[in-house]
Amino acid sequence: MVIMNGDDEGDVDLRSMAVRLRRMTAEFNRIAHEFANEQRLHTTDVQTLIMIFDAPSPITPGKLREELNLTSGAVTACLDRLERAGHIRRVRDAHDRRVVHLHYREAAQELAGAFFRPLARSTDSVLRRFGPDELRAVATFLDAMNEELGMLRSAPGPA
């Protein structure tokens with residue numbers, strides 16, 4: 001499907017959408033790499049922090065392993081680095097001491113918040129350019145893309 005806007009720059013088709021999504025992803029990755037370098041973290045460490053921050057409730061190392069497609073050893077090494085650097089803390093479940101929940105330390109969240117504040121301001125500036133219906137359409141698109149990507153990731157064989 002091609003949506004024509006009358007000028008080639010504004011046309012939306014599979015290729016142009018893919019280019020736009022790759023460009024945005026590359027920019028987000030560049031910013032994440034800058035944060036990782038500033039904090040002396042690995043890229044995987046930053047991905048882990050994002051997963052911990054975005055989780056609706058405290059996440060476990062096992063869930064992280066699943067989501068990031070890492071080995072248990074790699075997750076343990078990552079969590080050890082993040083804990084030593086003061087970014088996270090591990091808390092044993094009160095009812096089942098075998099279960100460990102991961103928490104993003106408040107001071108580390110404030111540090112990340114300060115670093116990413118310009119990105120938040122830019123995002124807010126862009127959001128203000130669109131009406132509620134347009135933003136709902138974009139949100140619906142992003143939700144559907146994330147769902148499709150999740151299904152691709154969990155499907156057997158090459159993606």
# chains A, B, ... in the order shown; residues from 1 in each chain; ligands from 1
>>> residues_around(residues="segment 38-46 of chain A", least_positions_apart="5", cutoff="9 Å", atoms="only C-alpha atoms", output="list in words")
Ala32, His33, Met51, Leu68, Cys78, Leu79, Arg81, Leu82 and Ala85 of chain A
>>> select_by_dssp(residues="chain A", states="strand (DSSP E)", output="PyMOL selection string")
chain A and resi 88-92+100-104
>>> write_last_selection(atoms="C-alpha atoms", output="PDB file, in the first residue's frame")
ATOM      1  CA  ILE A  88      20.682  -1.625  40.159  1.00  0.00           C
ATOM      2  CA  ARG A  89      20.029  -3.635  43.264  1.00  0.00           C
ATOM      3  CA  ARG A  90      18.936  -7.242  43.586  1.00  0.00           C
ATOM      4  CA  VAL A  91      16.173  -7.968  46.083  1.00  0.00           C
ATOM      5  CA  ARG A  92      15.143 -11.460  47.119  1.00  0.00           C
ATOM      6  CA  VAL A 100      15.375 -12.298  42.742  1.00  0.00           C
ATOM      7  CA  HIS A 101      13.787  -9.032  41.615  1.00  0.00           C
ATOM      8  CA  LEU A 102      15.831  -6.302  39.942  1.00  0.00           C
ATOM      9  CA  HIS A 103      15.366  -2.652  40.862  1.00  0.00           C
ATOM     10  CA  TYR A 104      16.803   0.415  39.146  1.00  0.00           C
TER      11      TYR A 104
END
>>> closest_atom_pairs(of="segment 1-87 of chain A", to="segment 109-131 of chain A", cutoff="10 Å", atoms="only C-alpha atoms", output="JSON lines")
{"residue": "A:Phe28", "atom": "CA", "partner": "A:Leu119", "partner_atom": "CA", "distance": 9.1}
{"residue": "A:Ile31", "atom": "CA", "partner": "A:Phe116", "partner_atom": "CA", "distance": 8.4}
{"residue": "A:Ala32", "atom": "CA", "partner": "A:Phe116", "partner_atom": "CA", "distance": 9.0}
{"residue": "A:Glu34", "atom": "CA", "partner": "A:Phe115", "partner_atom": "CA", "distance": 9.5}
{"residue": "A:Phe35", "atom": "CA", "partner": "A:Phe115", "partner_atom": "CA", "distance": 7.2}
{"residue": "A:Glu38", "atom": "CA", "partner": "A:Phe115", "partner_atom": "CA", "distance": 9.6}
{"residue": "A:Gln39", "atom": "CA", "partner": "A:Ala112", "partner_atom": "CA", "distance": 9.5}
{"residue": "A:Leu49", "atom": "CA", "partner": "A:Gln109", "partner_atom": "CA", "distance": 9.4}
{"residue": "A:Phe53", "atom": "CA", "partner": "A:Gln109", "partner_atom": "CA", "distance": 8.4}
{"residue": "A:His87", "atom": "CA", "partner": "A:Gln109", "partner_atom": "CA", "distance": 7.8}
>>> select_by_dssp(residues="chain A", states="alpha helix (DSSP H)", output="VMD selection string")
chain A and resid 14 to 39 43 to 54 61 to 68 72 to 84 106 to 127 132 to 154
